[in-house]
Amino acid sequence: MTSQEIRQQFLDFFKSKEHTIVPSAPVVPYDDPTLLFTNAGMNQFKDVFLGKGNRDYNRAADTQKCIRVSGKHNDLEEVGHDTYHHTFFEMLGNWSFGDYYKEEAITWAWELLTEVWKLPKERLWATVYETDEEALELWKTKTDINPKHVLKFGAKDNFWEMGDTGPCGPCSEIHINVSDDFDNPKWVNAGVPECIEIWNLVFIQNNRDENGTLHELPAKHVDTGMGFERVCSVLQNKKSNYDTDVFQPIIQEISKISNVPYDTEEHQIPMRVIADHVRTLTFAIGDGAVPGNEGRSYVLRRILRRAARYGRKLNLNEPFQYKLVDVLVKTMGDVFPEIKSNQANIEKIIKAEEESFNATLDRGIELFDNISKKVIAENSKIIPGEDVFKLYDTFGFPVDLTNVMAQEKGLAIDENKFNELMNEQKERARKSTKDKIGSVNLVESLSDHSDIEPSIFEGYEKLEIKSRILKMADNFLILDKTPFYAEAGGQIGDTGTLHSVNNEIKILNTIKHNNIFAHEYEGSVWDDFSEEVIAKVDVNRRWEIMRNHSATHFLHAALRQILGTHVKQAGSYVGPDRLRFDFAHFQKVTPQELQEIESLVNYKLHENIELQHHRNIPFEEAKKMGALMFFGDKYGDKVNVVQFSDFSLEFCGGTHVKNSSQIGLFKIISESSIASGVRRIEAVTGLGVEKYIQNQILELRNADEKIAQLNEEKKKIEKELSEFKLKEKLGGIDSIVKNPIELKGINIFKGKVDANNMDELKSMGDELREKIKSGVGVLISEVDGKVGIVCVVSDDLIKDKKLMAGKVVGEIAKIVGGGGGGRPHLATAGGKDVSKIDEAINKIENLIFS
């Protein structure tokens, strides 16, 4: 069977068991701050498992895009070196939300594997959690598996957890032994390719909080995950996942562009790494992530660089990864259409990042050479761990690459110190992650009560309502209904007041998790909060936010119309003071384009376009309308769509003006780059434009008064600075005078100096000639991007040796692509090629006597 057939048979099987087939969630979990990437099929159902969300179905199945590259689920170092670990993979899964449980999960898994796919029963093994007697008995009584092939294991192998916090529970894994020794239990969970896990049946019945405590979930659920690539390997009778039709089209393309066969391990490992990593990059970027310096962006940058380094093992020294995207689109674009629709964007981002890294890698190699020279000069054989870490952290050099380069020079590395620094970095990252999710877990802890219902949000239409406090603890409170918008989709949370007959407090911020709205407040906890309260949003602040949020939609539409439909949002900030919009584009937006964008937005705003807010409509209906998905928002079964005539139509849960004229003027205040292939525009609207204009006028008035004064100060400072620098530079000639090279009885004084212009360089030549009793002096400097040369010869050498400064300087100038001449005792020359300065300095002795 082909991989396409295997995937479809899995979905058809569970459809026949009354499961709803659902689409894969994005691999970038914007709505879950506890995850860098979606790492399991159950991520999109976390709210259901926690009892804080629901679906229109209680049985589901899908193929989920997953990435595992950091934290507990980190397969990165094994990728390519073994045959079955990947950073990106598909997870085939089926779920029960409080419906069927262990018996159906086990018997259906056995039915699919042995009756539909006809896997040999004698090669299959099942493992259960050491205290899960129920699952053990079900395997032995409800299936015809060999009872001796059902084994117990501890929490390390058979208790599943998504991360440090979240849903968890005992699991039962199914393994297949493809070796000749298939009846031996010692290979199960031994971590060998001959006996691998292909399906994990998780029985979710607990939730672990940030303190590590387990809590019973309101209902029991089933979450299963099957490694798609692994089961394809088994069903296609391949010894390696990379030999299946999932990977071979990419690997064959790598072989083609590198002109290297996929034969020996020396060639296979790099090709496997590249094939795996380009899949991760393609799907992550297709879902809106970009390589960068923080969080998941940094992970993607490291993955791309890792693939680039392995590419050099195949003599792929120029950008090549972007060329492999097309193969993925052809083989997987039908199943995951987002990589097809975003193909051009994905390729451009990868190519731009590859080009950037090639320059970085070259600088890293140069740094290593300098470090190794220093170590050798100090008669040491060990490269310090601090330098190894710098190469790893700044230039993306893995420790094994640095070690290989060191061995080539007869050196070793201080791996212990490197590991110490790595552990410190991991601890900082762990603490940072824990800090980030602390507020979310606080909301979860506040809402972890059976009497808490999801908050009712009435803030689309009302900014002041009557409400009741359900919970009040620390600095957060929860209302039964609220007009306060909770931070989401780039729009910041509302502020305002909450008051009763006897009390009033300020609401400082509003956040939400699983539809529970938490309001951060200033003040003390009320003794009695059973009475009705008035919740009032800061109206002026909200209006400024709404103006800016609606303006981002107009800006997005204008960008796509003027720059091209490849433009897609990559992040945003919507506050009362300004809006910030990040988007995919591969060159600086020109001043002319910015003017056109700004003019188009303002033209549309003045058309008095009415808002059409389509609320709580089915997701599929919204997609059919042609709505653009807005970066950072979570899309459930029911969604909101914001429409301004036929100019802008986008998924969005934020708050907006009723008519475009309410936005007022729109003004772009900056455009910049924030990452490879990602630009940022900042803009203001409404009162923000007024403030911007007032500030500009004030700055112009102040500027007129200061210009004359600054010019005078500038001239004075420049004169003093020039005199000081020249004096300092002339003093620096002493080091050249003290270190002559003697050749054929003649002292040669040479060196590279820093001169601002040729007159300054000539003055330095005069100073050098005065300080040498007898000899030839040559000074070379980079001046305004070109090469400047001055040569001086003492009178005795002109007379006795017939050495002429003009001739010497002319020969030197040829090396740097120039010419020149002058008098016998002092001559100057210039050249174009500054990269040849060091070469020219090294050849001076030979040229003097040529």
# chains A, B, ... in the order shown; residues from 1 in each chain; ligands from 1

$ residues_around --residues "Tyr573 (chain A)" --least-positions-apart "2" --cutoff "8 Å" --atoms "only C-alpha atoms" --output "list in words"
Gly490, Gln491, Ile492, Gly571, Gly575, Leu579, Arg580 and Phe581 of chain A

$ select_by_dssp --residues "region 314-536 of chain A" --states "strand (DSSP E)" --output "tab-separated table (two decimals) with all heavy atoms, in the first residue's frame"
chain	number	residue	atom	x	y	z
A	382	ILE	N	43.43	22.41	24.56
A	382	ILE	CA	42.00	22.37	24.88
A	382	ILE	C	41.32	23.68	24.49
A	382	ILE	O	41.74	24.76	24.91
A	382	ILE	CB	41.78	22.12	26.39
A	382	ILE	CG1	42.50	20.86	26.85
A	382	ILE	CG2	40.28	22.04	26.69
A	382	ILE	CD1	42.00	19.58	26.20
A	383	ILE	N	40.26	23.59	23.69
A	383	ILE	CA	39.44	24.76	23.38
A	383	ILE	C	38.47	24.97	24.53
A	383	ILE	O	37.72	24.05	24.89
A	383	ILE	CB	38.69	24.56	22.05
A	383	ILE	CG1	39.69	24.51	20.89
A	383	ILE	CG2	37.68	25.68	21.83
A	383	ILE	CD1	39.06	24.31	19.54
A	412	ALA	N	41.43	19.31	21.44
A	412	ALA	CA	40.22	18.74	22.04
A	412	ALA	C	39.38	19.89	22.59
A	412	ALA	O	39.81	21.05	22.59
A	412	ALA	CB	40.59	17.77	23.16
A	413	ILE	N	38.17	19.59	23.04
A	413	ILE	CA	37.30	20.64	23.59
A	413	ILE	C	37.00	20.35	25.05
A	413	ILE	O	37.01	19.19	25.49
A	413	ILE	CB	35.98	20.74	22.79
A	413	ILE	CG1	35.17	19.45	22.92
A	413	ILE	CG2	36.24	21.11	21.35
A	413	ILE	CD1	33.77	19.55	22.34
A	456	ILE	N	-19.69	34.48	29.96
A	456	ILE	CA	-20.49	35.01	28.85
A	456	ILE	C	-19.94	36.39	28.50
A	456	ILE	O	-19.90	37.29	29.35
A	456	ILE	CB	-21.98	35.12	29.24
A	456	ILE	CG1	-22.53	33.73	29.59
A	456	ILE	CG2	-22.78	35.76	28.10
A	456	ILE	CD1	-23.93	33.76	30.16
A	457	PHE	N	-19.48	36.57	27.27
A	457	PHE	CA	-18.91	37.85	26.85
A	457	PHE	C	-19.98	38.68	26.16
A	457	PHE	O	-20.55	38.26	25.15
A	457	PHE	CB	-17.72	37.64	25.91
A	457	PHE	CG	-17.13	38.91	25.38
A	457	PHE	CD1	-16.59	39.86	26.25
A	457	PHE	CD2	-17.14	39.19	24.02
A	457	PHE	CE1	-16.05	41.05	25.76
A	457	PHE	CE2	-16.61	40.37	23.52
A	457	PHE	CZ	-16.06	41.30	24.40
A	464	GLU	N	-21.04	48.41	29.44
A	464	GLU	CA	-21.40	48.49	30.86
A	464	GLU	C	-22.57	47.56	31.11
A	464	GLU	O	-23.61	47.67	30.45
A	464	GLU	CB	-21.78	49.92	31.25
A	464	GLU	CG	-22.13	50.06	32.72
A	464	GLU	CD	-22.44	51.50	33.13
A	464	GLU	OE1	-22.00	52.42	32.39
A	464	GLU	OE2	-23.10	51.70	34.17
A	465	ILE	N	-22.38	46.60	32.03
A	465	ILE	CA	-23.44	45.63	32.32
A	465	ILE	C	-23.50	45.32	33.81
A	465	ILE	O	-22.57	45.63	34.56
A	465	ILE	CB	-23.22	44.29	31.55
A	465	ILE	CG1	-21.96	43.60	32.06
A	465	ILE	CG2	-23.18	44.50	30.05
A	465	ILE	CD1	-21.81	42.17	31.56
A	466	LYS	N	-24.61	44.71	34.22
A	466	LYS	CA	-24.72	44.19	35.57
A	466	LYS	C	-24.22	42.75	35.57
A	466	LYS	O	-24.50	41.99	34.65
A	466	LYS	CB	-26.17	44.24	36.06
A	466	LYS	CG	-26.71	45.66	36.22
A	466	LYS	CD	-28.15	45.65	36.68
A	466	LYS	CE	-28.67	47.08	36.85
A	466	LYS	NZ	-30.10	47.09	37.30
A	467	SER	N	-23.48	42.40	36.63
A	467	SER	CA	-22.88	41.07	36.67
A	467	SER	C	-22.74	40.61	38.11
A	467	SER	O	-23.07	41.34	39.05
A	467	SER	CB	-21.51	41.10	35.98
A	467	SER	OG	-20.94	39.83	35.91
A	469	ILE	N	-19.87	38.38	40.75
A	469	ILE	CA	-18.54	37.77	40.91
A	469	ILE	C	-18.71	36.31	41.31
A	469	ILE	O	-19.39	36.00	42.30
A	469	ILE	CB	-17.72	38.52	41.98
A	469	ILE	CG1	-17.53	39.98	41.59
A	469	ILE	CG2	-16.37	37.84	42.17
A	469	ILE	CD1	-16.83	40.82	42.64
A	470	LEU	N	-18.11	35.41	40.53
A	470	LEU	CA	-18.17	33.98	40.85
A	470	LEU	C	-17.03	33.56	41.76
A	470	LEU	O	-17.20	32.76	42.68
A	470	LEU	CB	-18.13	33.16	39.56
A	470	LEU	CG	-19.27	33.40	38.57
A	470	LEU	CD1	-19.09	32.52	37.35
A	470	LEU	CD2	-20.62	33.13	39.22
A	471	LYS	N	-15.84	34.07	41.48
A	471	LYS	CA	-14.65	33.75	42.27
A	471	LYS	C	-13.79	34.99	42.40
A	471	LYS	O	-13.67	35.77	41.47
A	471	LYS	CB	-13.84	32.62	41.62
A	471	LYS	CG	-14.53	31.26	41.61
A	471	LYS	CD	-14.67	30.70	43.03
A	471	LYS	CE	-15.51	29.43	43.00
A	471	LYS	NZ	-15.73	28.90	44.37
A	472	MET	N	-13.14	35.12	43.55
A	472	MET	CA	-12.25	36.27	43.77
A	472	MET	C	-11.10	35.80	44.63
A	472	MET	O	-11.28	35.39	45.78
A	472	MET	CB	-13.02	37.40	44.46
A	472	MET	CG	-12.29	38.73	44.47
A	472	MET	SD	-13.36	40.03	45.15
A	472	MET	CE	-12.43	41.49	44.71
A	473	ALA	N	-9.90	35.80	44.06
A	473	ALA	CA	-8.72	35.33	44.80
A	473	ALA	C	-7.48	36.03	44.27
A	473	ALA	O	-7.40	36.37	43.10
A	473	ALA	CB	-8.57	33.82	44.64
A	476	PHE	N	-7.00	38.20	40.90
A	476	PHE	CA	-7.87	37.87	39.79
A	476	PHE	C	-9.29	37.62	40.28
A	476	PHE	O	-9.48	37.11	41.40
A	476	PHE	CB	-7.38	36.62	39.05
A	476	PHE	CG	-6.19	36.85	38.19
A	476	PHE	CD1	-4.91	36.85	38.72
A	476	PHE	CD2	-6.34	37.07	36.83
A	476	PHE	CE1	-3.80	37.07	37.94
A	476	PHE	CE2	-5.24	37.28	36.02
A	476	PHE	CZ	-3.96	37.28	36.58
A	477	LEU	N	-10.24	37.97	39.44
A	477	LEU	CA	-11.63	37.62	39.75
A	477	LEU	C	-12.31	37.16	38.48
A	477	LEU	O	-11.89	37.49	37.37
A	477	LEU	CB	-12.36	38.80	40.39
A	477	LEU	CG	-12.49	40.10	39.60
A	477	LEU	CD1	-13.71	40.09	38.67
A	477	LEU	CD2	-12.61	41.28	40.56
A	478	ILE	N	-13.38	36.38	38.67
A	478	ILE	CA	-14.14	35.85	37.54
A	478	ILE	C	-15.59	36.27	37.69
A	478	ILE	O	-16.18	36.14	38.77
A	478	ILE	CB	-14.03	34.31	37.49
A	478	ILE	CG1	-12.56	33.90	37.29
A	478	ILE	CG2	-14.89	33.74	36.37
A	478	ILE	CD1	-12.34	32.42	37.39
A	479	LEU	N	-16.16	36.79	36.59
A	479	LEU	CA	-17.55	37.21	36.55
A	479	LEU	C	-18.39	36.20	35.78
A	479	LEU	O	-17.87	35.47	34.93
A	479	LEU	CB	-17.66	38.57	35.86
A	479	LEU	CG	-16.88	39.74	36.49
A	479	LEU	CD1	-16.94	40.95	35.56
A	479	LEU	CD2	-17.43	40.08	37.85
A	481	LYS	N	-20.77	37.05	33.71
A	481	LYS	CA	-20.79	37.64	32.37
A	481	LYS	C	-19.98	38.92	32.41
A	481	LYS	O	-19.86	39.57	33.46
A	481	LYS	CB	-22.21	37.88	31.88
A	481	LYS	CG	-23.08	38.65	32.84
A	481	LYS	CD	-24.53	38.70	32.36
A	481	LYS	CE	-25.42	39.40	33.38
A	481	LYS	NZ	-26.83	39.45	32.92
A	482	THR	N	-19.41	39.28	31.29
A	482	THR	CA	-18.45	40.39	31.32
A	482	THR	C	-18.49	41.20	30.03
A	482	THR	O	-18.71	40.65	28.94
A	482	THR	CB	-17.02	39.87	31.54
A	482	THR	OG1	-16.10	40.97	31.53
A	482	THR	CG2	-16.62	38.89	30.45
A	496	GLY	N	-10.97	48.94	33.16
A	496	GLY	CA	-12.18	49.66	33.54
A	496	GLY	C	-12.40	49.62	35.03
A	496	GLY	O	-11.44	49.61	35.82
A	497	THR	N	-13.66	49.56	35.44
A	497	THR	CA	-14.00	49.53	36.87
A	497	THR	C	-15.07	48.50	37.16
A	497	THR	O	-15.81	48.07	36.26
A	497	THR	CB	-14.52	50.90	37.34
A	497	THR	OG1	-15.69	51.25	36.58
A	497	THR	CG2	-13.45	51.98	37.19
A	498	LEU	N	-15.10	48.12	38.42
A	498	LEU	CA	-16.13	47.21	38.91
A	498	LEU	C	-16.60	47.80	40.24
A	498	LEU	O	-15.79	48.02	41.14
A	498	LEU	CB	-15.53	45.81	39.12
A	498	LEU	CG	-16.51	44.64	39.24
A	498	LEU	CD1	-17.17	44.35	37.90
A	498	LEU	CD2	-15.78	43.39	39.73
A	499	HIS	N	-17.88	48.06	40.34
A	499	HIS	CA	-18.33	48.64	41.61
A	499	HIS	C	-19.69	48.09	42.03
A	499	HIS	O	-20.53	47.72	41.20
A	499	HIS	CB	-18.35	50.17	41.55
A	499	HIS	CG	-19.33	50.74	40.57
A	499	HIS	ND1	-20.64	50.99	40.88
A	499	HIS	CD2	-19.17	51.13	39.27
A	499	HIS	CE1	-21.25	51.50	39.82
A	499	HIS	NE2	-20.38	51.60	38.83
A	504	GLU	N	-15.59	49.69	45.15
A	504	GLU	CA	-15.21	49.94	43.76
A	504	GLU	C	-13.75	49.54	43.59
A	504	GLU	O	-12.91	49.85	44.44
A	504	GLU	CB	-15.38	51.40	43.36
A	504	GLU	CG	-14.95	51.66	41.92
A	504	GLU	CD	-15.29	53.04	41.42
A	504	GLU	OE1	-16.25	53.65	41.94
A	504	GLU	OE2	-14.58	53.52	40.51
A	505	ILE	N	-13.44	48.82	42.52
A	505	ILE	CA	-12.06	48.43	42.22
A	505	ILE	C	-11.77	48.69	40.76
A	505	ILE	O	-12.68	48.77	39.93
A	505	ILE	CB	-11.79	46.94	42.54
A	505	ILE	CG1	-12.76	46.03	41.78
A	505	ILE	CG2	-11.82	46.66	44.02
A	505	ILE	CD1	-12.48	44.56	41.96
A	506	LYS	N	-10.47	48.82	40.46
A	506	LYS	CA	-10.04	49.03	39.09
A	506	LYS	C	-9.72	47.69	38.43
A	506	LYS	O	-9.04	46.86	39.03
A	506	LYS	CB	-8.80	49.92	39.04
A	506	LYS	CG	-9.05	51.37	39.38
A	506	LYS	CD	-7.76	52.18	39.22
A	506	LYS	CE	-7.98	53.65	39.50
A	506	LYS	NZ	-6.72	54.43	39.36
A	507	ILE	N	-10.18	47.51	37.23
A	507	ILE	CA	-9.80	46.35	36.43
A	507	ILE	C	-8.59	46.76	35.59
A	507	ILE	O	-8.67	47.69	34.79
A	507	ILE	CB	-10.95	45.88	35.52
A	507	ILE	CG1	-12.18	45.51	36.35
A	507	ILE	CG2	-10.51	44.70	34.64
A	507	ILE	CD1	-11.94	44.37	37.34
A	508	LEU	N	-7.48	46.07	35.79
A	508	LEU	CA	-6.21	46.45	35.16
A	508	LEU	C	-5.95	45.72	33.85
A	508	LEU	O	-5.22	46.20	33.00
A	508	LEU	CB	-5.04	46.19	36.12
A	508	LEU	CG	-5.14	46.87	37.49
A	508	LEU	CD1	-3.95	46.47	38.35
A	508	LEU	CD2	-5.20	48.38	37.33
A	509	ASN	N	-6.53	44.51	33.71
A	509	ASN	CA	-6.29	43.72	32.51
A	509	ASN	C	-7.28	42.56	32.49
A	509	ASN	O	-7.84	42.19	33.54
A	509	ASN	CB	-4.86	43.17	32.49
A	509	ASN	CG	-4.51	42.55	31.14
A	509	ASN	OD1	-5.10	42.88	30.11
A	509	ASN	ND2	-3.56	41.64	31.14
A	510	THR	N	-7.50	42.01	31.33
A	510	THR	CA	-8.41	40.87	31.20
A	510	THR	C	-7.76	39.82	30.32
A	510	THR	O	-7.28	40.13	29.22
A	510	THR	CB	-9.75	41.30	30.57
A	510	THR	OG1	-10.27	42.44	31.26
A	510	THR	CG2	-10.77	40.17	30.63
A	511	ILE	N	-7.70	38.58	30.80
A	511	ILE	CA	-7.18	37.46	30.02
A	511	ILE	C	-8.18	36.31	30.09
A	511	ILE	O	-9.13	36.35	30.89
A	511	ILE	CB	-5.80	36.98	30.54
A	511	ILE	CG1	-5.91	36.53	31.99
A	511	ILE	CG2	-4.75	38.07	30.40
A	511	ILE	CD1	-4.62	35.94	32.54
A	512	LYS	N	-7.99	35.31	29.24
A	512	LYS	CA	-8.90	34.17	29.29
A	512	LYS	C	-8.16	32.89	28.95
A	512	LYS	O	-7.11	32.91	28.31
A	512	LYS	CB	-10.08	34.36	28.35
A	512	LYS	CG	-9.74	34.26	26.86
A	512	LYS	CD	-10.99	34.37	26.00
A	512	LYS	CE	-10.64	34.30	24.50
A	512	LYS	NZ	-11.84	34.37	23.65
A	513	HIS	N	-8.73	31.80	29.40
A	513	HIS	CA	-8.22	30.47	29.07
A	513	HIS	C	-9.38	29.51	29.12
A	513	HIS	O	-10.13	29.47	30.11
A	513	HIS	CB	-7.12	30.04	30.05
A	513	HIS	CG	-6.39	28.82	29.63
A	513	HIS	ND1	-5.65	28.75	28.47
A	513	HIS	CD2	-6.28	27.59	30.20
A	513	HIS	CE1	-5.10	27.56	28.35
A	513	HIS	NE2	-5.48	26.84	29.39
A	516	ILE	N	-12.77	30.92	30.10
A	516	ILE	CA	-12.93	31.50	31.43
A	516	ILE	C	-12.21	32.84	31.43
A	516	ILE	O	-11.00	32.89	31.22
A	516	ILE	CB	-12.34	30.60	32.54
A	516	ILE	CG1	-12.99	29.21	32.50
A	516	ILE	CG2	-12.52	31.24	33.90
A	516	ILE	CD1	-14.45	29.19	32.85
A	517	PHE	N	-12.94	33.94	31.65
A	517	PHE	CA	-12.34	35.27	31.65
A	517	PHE	C	-11.86	35.60	33.06
A	517	PHE	O	-12.62	35.51	34.02
A	517	PHE	CB	-13.37	36.32	31.23
A	517	PHE	CG	-13.66	36.36	29.75
A	517	PHE	CD1	-14.14	35.24	29.08
A	517	PHE	CD2	-13.45	37.52	29.03
A	517	PHE	CE1	-14.41	35.28	27.73
A	517	PHE	CE2	-13.71	37.58	27.67
A	517	PHE	CZ	-14.20	36.45	27.01
A	518	ALA	N	-10.60	35.98	33.17
A	518	ALA	CA	-10.02	36.37	34.46
A	518	ALA	C	-9.68	37.85	34.40
A	518	ALA	O	-9.02	38.31	33.46
A	518	ALA	CB	-8.79	35.55	34.77
A	519	HIS	N	-10.11	38.60	35.40
A	519	HIS	CA	-9.91	40.05	35.43
A	519	HIS	C	-8.90	40.38	36.52
A	519	HIS	O	-9.13	40.11	37.70
A	519	HIS	CB	-11.24	40.75	35.72
A	519	HIS	CG	-12.35	40.36	34.80
A	519	HIS	ND1	-13.04	39.16	34.93
A	519	HIS	CD2	-12.87	40.98	33.69
A	519	HIS	CE1	-13.95	39.08	33.96
A	519	HIS	NE2	-13.87	40.17	33.20
A	520	GLU	N	-7.77	40.94	36.09
A	520	GLU	CA	-6.76	41.37	37.06
A	520	GLU	C	-7.23	42.70	37.65
A	520	GLU	O	-7.61	43.61	36.92
A	520	GLU	CB	-5.42	41.54	36.35
A	520	GLU	CG	-4.29	41.91	37.29
A	520	GLU	CD	-2.97	42.08	36.56
A	520	GLU	OE1	-2.93	41.83	35.33
A	520	GLU	OE2	-1.99	42.48	37.20
A	521	TYR	N	-7.19	42.81	38.98
A	521	TYR	CA	-7.72	44.02	39.60
A	521	TYR	C	-6.75	44.59	40.61
A	521	TYR	O	-5.83	43.93	41.07
A	521	TYR	CB	-9.08	43.74	40.26
A	521	TYR	CG	-9.02	42.83	41.46
A	521	TYR	CD1	-8.87	43.35	42.75
A	521	TYR	CD2	-9.15	41.45	41.32
A	521	TYR	CE1	-8.81	42.51	43.86
A	521	TYR	CE2	-9.09	40.61	42.41
A	521	TYR	CZ	-8.93	41.14	43.69
A	521	TYR	OH	-8.88	40.32	44.78
A	522	GLU	N	-6.99	45.83	40.98
A	522	GLU	CA	-6.19	46.52	41.98
A	522	GLU	C	-7.08	46.78	43.19
A	522	GLU	O	-8.13	47.41	43.08
A	522	GLU	CB	-5.68	47.84	41.41
A	522	GLU	CG	-4.80	48.64	42.36
A	522	GLU	CD	-4.32	49.94	41.72
A	522	GLU	OE1	-5.12	50.90	41.63
A	522	GLU	OE2	-3.16	49.97	41.29
A	533	VAL	N	-22.96	43.56	40.78
A	533	VAL	CA	-21.96	44.60	40.55
A	533	VAL	C	-22.16	45.20	39.17
A	533	VAL	O	-22.79	44.60	38.30
A	533	VAL	CB	-20.52	44.05	40.67
A	533	VAL	CG1	-20.24	43.57	42.09
A	533	VAL	CG2	-20.28	42.93	39.66
A	534	ILE	N	-21.61	46.41	38.99
A	534	ILE	CA	-21.64	47.07	37.68
A	534	ILE	C	-20.23	46.96	37.09
A	534	ILE	O	-19.26	47.44	37.67
A	534	ILE	CB	-22.04	48.55	37.79
A	534	ILE	CG1	-23.40	48.70	38.48
A	534	ILE	CG2	-22.04	49.20	36.40
A	534	ILE	CD1	-24.54	48.07	37.72
A	535	ALA	N	-20.13	46.31	35.96
A	535	ALA	CA	-18.85	46.16	35.26
A	535	ALA	C	-18.82	47.16	34.11
A	535	ALA	O	-19.70	47.13	33.24
A	535	ALA	CB	-18.68	44.74	34.72
A	536	LYS	N	-17.84	48.06	34.13
A	536	LYS	CA	-17.81	49.15	33.16
A	536	LYS	C	-16.44	49.22	32.50
A	536	LYS	O	-15.41	49.39	33.15
A	536	LYS	CB	-18.12	50.48	33.84
A	536	LYS	CG	-18.22	51.65	32.87
A	536	LYS	CD	-18.62	52.92	33.59
A	536	LYS	CE	-18.75	54.09	32.62
A	536	LYS	NZ	-19.14	55.34	33.32

$ closest_residue --among "A:Ala289, A:Val574, A:Ala344, A:Leu411" --to "Arg541 (chain A)" --atoms "only C-alpha atoms"
A:Val574

$ residues_around --residues "Met226 (chain A)" --least-positions-apart "6" --cutoff "9 Å" --atoms "only C-alpha atoms" --output "VMD selection string"
chain A and resid 90 to 93 197 to 201

$ closest_residue --among "A:Ser763, A:Pro26, A:Ser661, A:Asp800" --to "Pro337 (chain A)" --atoms "only C-alpha atoms"
A:Pro26

$ select_by_dssp --residues "region 700-779 of chain A" --states "alpha helix (DSSP H)" --output "PyMOL selection string"
chain A and resi 700-737+758-771

$ decode --residues "region 577-589 of chain A" --atoms "N, CA and C atoms" --output "CSV table (one decimal), in the first residue's frame"
chain,number,residue,atom,x,y,z
A,577,ASP,N,-2.9,53.0,21.9
A,577,ASP,CA,-1.9,54.0,21.4
A,577,ASP,C,-1.5,53.8,20.0
A,578,ARG,N,-1.5,52.6,19.5
A,578,ARG,CA,-1.0,52.3,18.1
A,578,ARG,C,-1.4,50.9,17.7
A,579,LEU,N,-1.1,50.6,16.5
A,579,LEU,CA,-1.2,49.2,16.0
A,579,LEU,C,0.1,48.8,15.4
A,580,ARG,N,0.4,47.5,15.5
A,580,ARG,CA,1.6,47.0,14.9
A,580,ARG,C,1.2,45.7,14.1
A,581,PHE,N,1.7,45.7,12.9
A,581,PHE,CA,1.3,44.6,12.0
A,581,PHE,C,2.5,44.0,11.4
A,582,ASP,N,2.8,42.7,11.6
A,582,ASP,CA,3.9,41.9,11.1
A,582,ASP,C,3.4,41.1,9.9
A,583,PHE,N,4.1,41.0,8.8
A,583,PHE,CA,3.6,40.3,7.7
A,583,PHE,C,4.8,39.7,6.8
A,584,ALA,N,4.5,38.7,6.1
A,584,ALA,CA,5.5,38.0,5.2
A,584,ALA,C,5.7,38.8,4.0
A,585,HIS,N,7.0,39.3,3.8
A,585,HIS,CA,7.3,40.0,2.6
A,585,HIS,C,8.9,40.0,2.5
A,586,PHE,N,9.5,40.0,1.3
A,586,PHE,CA,10.9,39.7,1.2
A,586,PHE,C,11.8,40.8,0.8
A,587,GLN,N,11.3,42.0,0.9
A,587,GLN,CA,12.2,43.1,0.7
A,587,GLN,C,11.5,44.3,1.4
A,588,LYS,N,12.3,45.3,1.6
A,588,LYS,CA,11.9,46.6,2.2
A,588,LYS,C,10.7,47.2,1.4
A,589,VAL,N,9.7,47.6,2.1
A,589,VAL,CA,8.6,48.3,1.4
A,589,VAL,C,9.1,49.7,1.1
